[in-house]
Amino acid sequence: MEINTGDTAWVLASAALVLFMTPGLALFYGGMVRSKSVLNMMMMSFIALGTISVSWVLWGYSEAFGESWNGLIGNPFQHFGLDGLLGERVFGTIPAAAFVAFQSVFAIIAVALVSGAIADRAKFTAWTVFTVVWATIVYFPVAHWVFAFDGFAADKGGWIANQLKAIDFAGGTAIHINAGAAGLALAFVLGKRVGFGKDPMRPHNLTLVMIGAGILWFGWFGFNAGSALGANGTAAVAWVNTLAATGAAMLGWLVVEKSRDGHPTSLGAASGVVAGLVAITPACSALTPVGSVVLGVVAGAACAYAVGLKFRFGFDDSLDVVGVHLVGGLIGTIGVGFLGSASAPAGVDGLFYGGGVDQLWRQVVGALAVLVFSFVVTYVIGTVIQRTIGFRLETEAEVAGIDLEEHAETSYDINGLASGRFGTGSGAAVPTAATKTHEGASA
Amino acid sequence: MEINTGDTAWVLASAALVLFMTPGLALFYGGMVRSKSVLNMMMMSFIALGTISVSWVLWGYSEAFGESWNGLIGNPFQHFGLDGLLGERVFGTIPAAAFVAFQSVFAIIAVALVSGAIADRAKFTAWTVFTVVWATIVYFPVAHWVFAFDGFAADKGGWIANQLKAIDFAGGTAIHINAGAAGLALAFVLGKRVGFGKDPMRPHNLTLVMIGAGILWFGWFGFNAGSALGANGTAAVAWVNTLAATGAAMLGWLVVEKSRDGHPTSLGAASGVVAGLVAITPACSALTPVGSVVLGVVAGAACAYAVGLKFRFGFDDSLDVVGVHLVGGLIGTIGVGFLGSASAPAGVDGLFYGGGVDQLWRQVVGALAVLVFSFVVTYVIGTVIQRTIGFRLETEAEVAGIDLEEHAETSYDINGLASGRFGTGSGAAVPTAATKTHEGASA
Amino acid sequence: MEINTGDTAWVLASAALVLFMTPGLALFYGGMVRSKSVLNMMMMSFIALGTISVSWVLWGYSEAFGESWNGLIGNPFQHFGLDGLLGERVFGTIPAAAFVAFQSVFAIIAVALVSGAIADRAKFTAWTVFTVVWATIVYFPVAHWVFAFDGFAADKGGWIANQLKAIDFAGGTAIHINAGAAGLALAFVLGKRVGFGKDPMRPHNLTLVMIGAGILWFGWFGFNAGSALGANGTAAVAWVNTLAATGAAMLGWLVVEKSRDGHPTSLGAASGVVAGLVAITPACSALTPVGSVVLGVVAGAACAYAVGLKFRFGFDDSLDVVGVHLVGGLIGTIGVGFLGSASAPAGVDGLFYGGGVDQLWRQVVGALAVLVFSFVVTYVIGTVIQRTIGFRLETEAEVAGIDLEEHAETSYDINGLASGRFGTGSGAAVPTAATKTHEGASA
Amino acid sequence: MKLVTAIIKPHQLDEVKEALEAYGISGMTVSEASGYGRQRGHSEVYRGAEYTVDFVPKVRVEVLVDDIDAGSVADVILKSAQTGRIGDGKIWTVPVEDVVRVRTGERGVDAL
Amino acid sequence: MKLVTAIIKPHQLDEVKEALEAYGISGMTVSEASGYGRQRGHSEVYRGAEYTVDFVPKVRVEVLVDDIDAGSVADVILKSAQTGRIGDGKIWTVPVEDVVRVRTGERGVDAL
Amino acid sequence: MKLVTAIIKPHQLDEVKEALEAYGISGMTVSEASGYGRQRGHSEVYRGAEYTVDFVPKVRVEVLVDDIDAGSVADVILKSAQTGRIGDGKIWTVPVEDVVRVRTGERGVDAL
Ligand SMILES: Nc1ncnc2c1ncn2[C@@H]1O[C@H](COP(=O)(O)OP(=O)(O)O)[C@@H](O)[C@H]1O
Ligand SMILES: Nc1ncnc2c1ncn2[C@@H]1O[C@H](COP(=O)(O)OP(=O)(O)O)[C@@H](O)[C@H]1O
Ligand SMILES: Nc1ncnc2c1ncn2[C@@H]1O[C@H](COP(=O)(O)OP(=O)(O)O)[C@@H](O)[C@H]1O
């Protein structure tokens, strides 16, 4: 079959947009922690760009989109190293490699999202190991369930897409519920930060948070509208719904803040944006724009309340992966069962549009299946890592600051007055001991 | 009619690019104010992303592109909630929803631009109300005048596009003159900041300004080249002209600075970039690349002088919406009348290319019509808001810092030494009073 | 010939992505210097956006892609001012102007890259002059050698592309080796910074570095996959290889750091990303994804060592243009000769895939030719500038900070307590002397 | 000699500086500080969680003066720093045994 | 009157503040400082080049007190700032000749 | 005991620190300051509007010393901080009544 260049152009552009979301997430998360842990926070996202890129190319793609084993997992050996996907192979209307590209960045950000739950206290090596293990055991299979449609990249695909037929256009279950449930599990495994609920841990740089939110929104158009895998009417509707729901969610969050706390905040606006984006992710092909506005307002307002759950129940989901991604993902996924409209591209009426509960129960089952699977398996993975190489940082290092401990770096040196001495270190390609002579000093 | 996937891909990508400009503007503006008001400055842009997204979906699109009432305004009820635009409907060569998407982000940034004139001193709620009212009464109608071509989205469109036939490819009048005139009106309504012309109000973070300028330039390729509504030769020429004029404008601004003040500055470079982008916006389909260089140099140099007008005339257009957007928009719009070349896609010769004054007077009339309409109506809207709910912040709150007053947030906590106590607040989903016990403390 | 809208859409989007890389580079570089020189560092990139945009439109494009003079240089007068490229002219499947657009941003970033070698100590006016001279004498000709294929934009193109037939898909030689060699030459011409190898010169803002690295990676998909000049299978494979090699290079760099210095750093992650992007640039159409992973690991690890060379040999390549771009560019360009696989779009087997040394020697010759040419000519240009208008800043100004000296600006004013007095300055469009009365003061 | 130290509101710094200049004081050292006292801090709210910041920004001004000037300098600062609202700050005076100008090595009153 | 100055670890600030409040001290001035002493700094590595930072972050707490309180205030700070690990800091006391409250012009003990 | 305070140019800090170390001083406290004096500030220009910054960055170094060391310590700082150009700063000495090491509670000279 011939490729369609317009569809290909849009998918390649979308893939780049989604890649950009992970650095965006690094900034969004990084701005929210204290200045002594911003680099580690950003590194947890960046390392996923490294480990998951490589895993994806080697076995991840094949595990997600290779020939299905009972709808549960793809054959990881079939396309090992992307074997057989470089040439003239076409999926739908685009080159196979374009589909590989597009799906790769979903895997990366799904992993990076989880890190928000364990800010400031995870050993970096342990987290690095976790990214690979979690992707392999949790994400790639779940992506298979949700994104592998029969007859597209392989004859047989995953059970949620093909048997259950839950609608999840761009990954409300596979990405957000999945990452949210995993974050919750890790928050339990690692325990609370020193001083959680007592010390003030306010965001150290809200301009970073806003940059991150801006990049996320921008990239999310690739995430959602790109999931049409072509430049067509479905993509355009997904685009518009992504705008409408997100704007509405920002308003929803801010109205809650204004009425409850007295002030609409910039962190609230950024958080509302993300909540709206999460909620519309599964639903963007299934709702009308007005339905999207409704979904957005509900998601924004609900998540604004949900972020308080961690204080009530005492788990330290530091940057609210649960409150925003799990809750937002549930609202969006289940919301399709209520707000779906046959006039939207997905063509399915939800409960409120006279479609009964047929689609609703599918959505609920899909959402819960991913939630439970992810939570349980992640809890096991996290526990094994904690019991073997250790996951949680030592208390003293955590208090002194994880950036110094794990990365030997300081995030900012704005005034430039900090004194210090220079050693050529080992970077000089000469033995370290010899170079630590610190041959002079003046700040 | 069939959609063209290549055109659709480009329009969807362009729409995302233009969406990204508003967070970019937030950073550009945010870096220029003092650190005590950066969050409010960014929030004035972000809230437009919320309110205008929703307004656009509900009635804004229809008001701008619904069936025309005498060339002055579209029928706001025809496509209320984007009714009738989701299906197979095609405008030109793209899905109707793609056009809706592309135009939505123009509305958002037009509103956000205005905020630069009233930095540091506007009540956030009043600004929020203003965004909706101004979009409804000023922007949507003007967009109709300029962007609604007969027979594209509706049979009859706006008077500037179809009767006057002024050339405004991407919105020099509808966006920049419009926002600039509105900014001027609001600067009068709100009055000067405390200490204007006396206190130093230097930019608190020029790296933010540069990030913002970079994002704006990047996004502006969607703005200008995307306005071709297809991936064609016109788009490509618009792209090249957008580069040429902008680079030239940066040089123009810096040369003025170097010769007048002794130093070319980074704020000058960023400002020159924006001035060039503004000026080439209406003109990018009508000029040759050499013509674009000329327009850019003129715009950069002229705006470098124009930003000083506020000190001479004593109005506090804090971030130079007048000096850059109004002046740059006028130069670009009227410049088409001089520099237009029939060899460019628009195919019209200006005065300098032997075309006489025919196009020139059309450009002048279009520019002035928007300027006067926007200034007058905005002045009225601003005054009504000031007299009813109040627009201007209390002096004491302004001096203490609008971020704390309006958003209860602090932008940066870089050194992390700030002491403070934690209260679970109302986010804990339990009554506020009970949780303000501040159950412990250690920084 | 008809244009293909999908190909055009992708090339226009790619061009915008590559444009975005230069502001990204400004941040990447800017974050690495001390806070007293961040603005100058960013300005060295920004000014290239100005000067090279204009030079490109006037004579640069024609010099690079006009009719060839012996494969060495294009005719600079043929398309002066882009004459003859606006209309219906088509190159391959895209409008001529789209090709002009795409190649313009390569020229800009090539120039900007060089600045990393001479951080903190170059007179800004001299650098501005250098950008134009270097582009004209070095970059445009080298771009002709490498990127001008016979029969595409002109009948006859450059010698590396057409006679030597070295594979350099997106500019490993023309951009990275070229800029790296030029940086080395300038580092010699300007000499070391005051305190080099003694004073601590740690990065003042690593979050900026990470933002920059994120933008670079994002934009690089346009750079590499866009170089297919169409939305096709080659572009898709280039995209996937760009992901795989970059992720692998980050891991390679971090593993070296972890084993050598004890800590994987965020600066290392960002640097590894760039090293990987550089290395895969020439190779992205010629390798399999597995080959790309191998190339990436090698490049990341090798560059992690190569950045230490400057201390050993005592040249102050401040931000490691040599260690990352020259070394990375050599690894990628020559790596094609080893790792090239006939199953990739370029269809050439390298030494490791049984292709013998045929392609290898071509790669080596191409790489060395550019390296030597660039180094020698740049050294001459730099020396002439130094001997005439002076290139190196005065010592005292360098120590006090180049931002204040050259741009009269301060990068950050975060706490806002800095006292100061306001003068309307010359911006008020009234004579400076009269306005320096400082009519009052209170911070 | 004496060292007169004043903790004042940041906004009053320029007025204090000008008043001191007018009085004939040509040098001073200024630094940032945070104050705790009758003047209350403020609350911030992030994702619904409330933080109370107890300290308010202040500026410290230090002036080395001759013994006979100490009282008047304190008065000059007092007048120029006063806004009458809570949190205006404190001024205190400490005896100094020796002062040296680093550039010249001059000592005592000559070093001021 | 006396000025009691303490250089302490940043983390102890809230405890010191609360202890002083409990003792009845209602005002103090705090600022950032960097300390050099037995407590070592740390090393950082950027692109393989090592930097040694010798100074460690500290907080300076200053309290103006009546003569008779000086000793007890120093003791209160001592107890609340102590962690027993190297780098806990110093407390010193300096005689003060005069204190003024800027807001009211009150002097001496009334100004505290 | 005495407290020797020096306001110096930021660039001289490392030299001062090394000179003090060489002399045998093992502890000190450093903080940022802004100075006003003979040394002029600078002008900045933003969109044509000029701002004059009057204060120049300085560093404050404080050393607690035994009475007999006070003079020599001031001299050591004097020599190491001197560049001979305007703005080199001041050194002054203040009497201290009591010093405590927080970690151990040691007092007086033992606490240094
Ligand atoms: N006992 C004290 N010792 C040191 N500084 C003090 C003391 N009391 C107050 N201050 C400083 O003076 C500032 C103003 O004091 P405050 O009690 O708020 O107002 P006022 O002096 O107007 O009654 C405080 O912020 C603090 O910096
Ligand atoms: N002689 C001194 N003069 C001034 N400050 C000092 C002096 N010695 C120590 N300090 C301060 O006290 C802090 C703690 O001192 P240090 O020697 O590290 O630990 P300890 O007091 O527990 O032995 C130092 O960081 C420094 O700020
Ligand atoms: N009277 C003073 N009181 C306190 N600090 C002072 C005084 N005079 C000068 N200083 C400090 O000393 C610094 C250097 O003083 P300055 O007059 O600029 O140069 P110099 O001491 O070389 O004549 C000033 O920046 C300021 O920090």
# chains A, B, ... in the order shown; residues from 1 in each chain; ligands from 1
>>> residues_around(residues="D:Ser34", least_positions_apart="3", cutoff="7 Å", atoms="only C-alpha atoms", output="ChimeraX atom specification")
/D:55-58 /E:29-31
>>> residues_near_ligand(ligand="ligand 1", cutoff="10 Å", atoms="only C-alpha atoms and all ligand atoms", output="count of residues only")
59
>>> interface_residues(of="chain C", to="chain E", cutoff="9 Å", atoms="only C-alpha atoms", output="list in words")
Asp199, Pro200, Met201, Arg202, Pro203, Glu257, Arg260, Asp261, His263, Thr265, Leu267, Gly268, Ser271, Ala304, Tyr305, Val307, Gly308 and Phe311 of chain C
>>> residues_around(residues="A:Ala302", least_positions_apart="2", cutoff="12 Å", atoms="only C-alpha atoms", output="PyMOL selection string")
(chain A and resi 249-257+271-272+275-276+279+295-300+304-309+323-332) or (chain B and resi 427+429)
>>> residues_around(residues="stretch 381-385 of chain C", least_positions_apart="4", cutoff="7 Å", atoms="only C-alpha atoms", output="PDB file with N, CA and C atoms, in the first residue's frame")
ATOM      1  N   ALA C 126      32.588  42.477  17.430  1.00  0.00           N
ATOM      2  CA  ALA C 126      33.494  41.626  16.668  1.00  0.00           C
ATOM      3  C   ALA C 126      32.819  40.295  16.332  1.00  0.00           C
ATOM      4  N   LEU C 186      38.940  29.546  16.965  1.00  0.00           N
ATOM      5  CA  LEU C 186      38.688  30.785  17.713  1.00  0.00           C
ATOM      6  C   LEU C 186      39.198  30.689  19.144  1.00  0.00           C
ATOM      7  N   VAL C 189      42.642  31.681  18.887  1.00  0.00           N
ATOM      8  CA  VAL C 189      42.810  33.105  18.583  1.00  0.00           C
ATOM      9  C   VAL C 189      42.524  33.971  19.812  1.00  0.00           C
ATOM     10  N   VAL C 377      40.694  28.408   7.714  1.00  0.00           N
ATOM     11  CA  VAL C 377      40.086  29.669   7.301  1.00  0.00           C
ATOM     12  C   VAL C 377      39.560  30.443   8.513  1.00  0.00           C
ATOM     13  N   ILE C 389      39.754  45.170  14.415  1.00  0.00           N
ATOM     14  CA  ILE C 389      38.832  45.799  15.375  1.00  0.00           C
ATOM     15  C   ILE C 389      38.963  45.213  16.774  1.00  0.00           C
ATOM     16  N   GLY C 390      39.726  44.146  16.926  1.00  0.00           N
ATOM     17  CA  GLY C 390      39.878  43.537  18.250  1.00  0.00           C
ATOM     18  C   GLY C 390      38.746  42.569  18.525  1.00  0.00           C
ATOM     19  N   PHE C 391      39.087  41.368  18.959  1.00  0.00           N
ATOM     20  CA  PHE C 391      38.066  40.343  19.190  1.00  0.00           C
ATOM     21  C   PHE C 391      37.899  40.112  20.704  1.00  0.00           C
TER      22      PHE C 391
END
>>> select_by_dssp(residues="stretch 66-102 of chain E", states="alpha helix (DSSP H)", output="VMD selection string")
chain E and resid 70 to 81
>>> select_by_dssp(residues="stretch 33-100 of chain D", states="strand (DSSP E)", output="ChimeraX atom specification")
/D:33-36,42-46,49-53,56-65,90-95,98-100
>>> closest_residue(among="E:Pro95, E:Gly24, E:Gly108, E:Pro10", to="ligand 2", atoms="only C-alpha atoms and all ligand atoms")
E:Pro10
>>> residues_around(residues="D:Tyr23", least_positions_apart="3", cutoff="10 Å", atoms="only C-alpha atoms", output="list in words")
Lys17, Glu18, Ala19, Leu20, Ser26, Ser72, Val73 and Val76 of chain D
>>> residues_around(residues="C:Glu406", least_positions_apart="4", cutoff="12 Å", atoms="only C-alpha atoms", output="ChimeraX atom specification")
/B:257-258,261-266 /C:36-41,43-44,120-127,392-394,397-398,400-402,410 /F:44-45
>>> atom_distance(atom1="atom CA of C:Tyr353", atom2="atom CA of A:Ile94")
28.3 Å
>>> closest_residue(among="C:Gly233, C:Gly191, C:Gly340, C:Gly335", to="chain A", atoms="only C-alpha atoms")
C:Gly233
>>> closest_residue(among="E:Asp98, E:Ile68, E:Ala22, E:Leu78", to="ligand 2", atoms="only C-alpha atoms and all ligand atoms")
E:Leu78
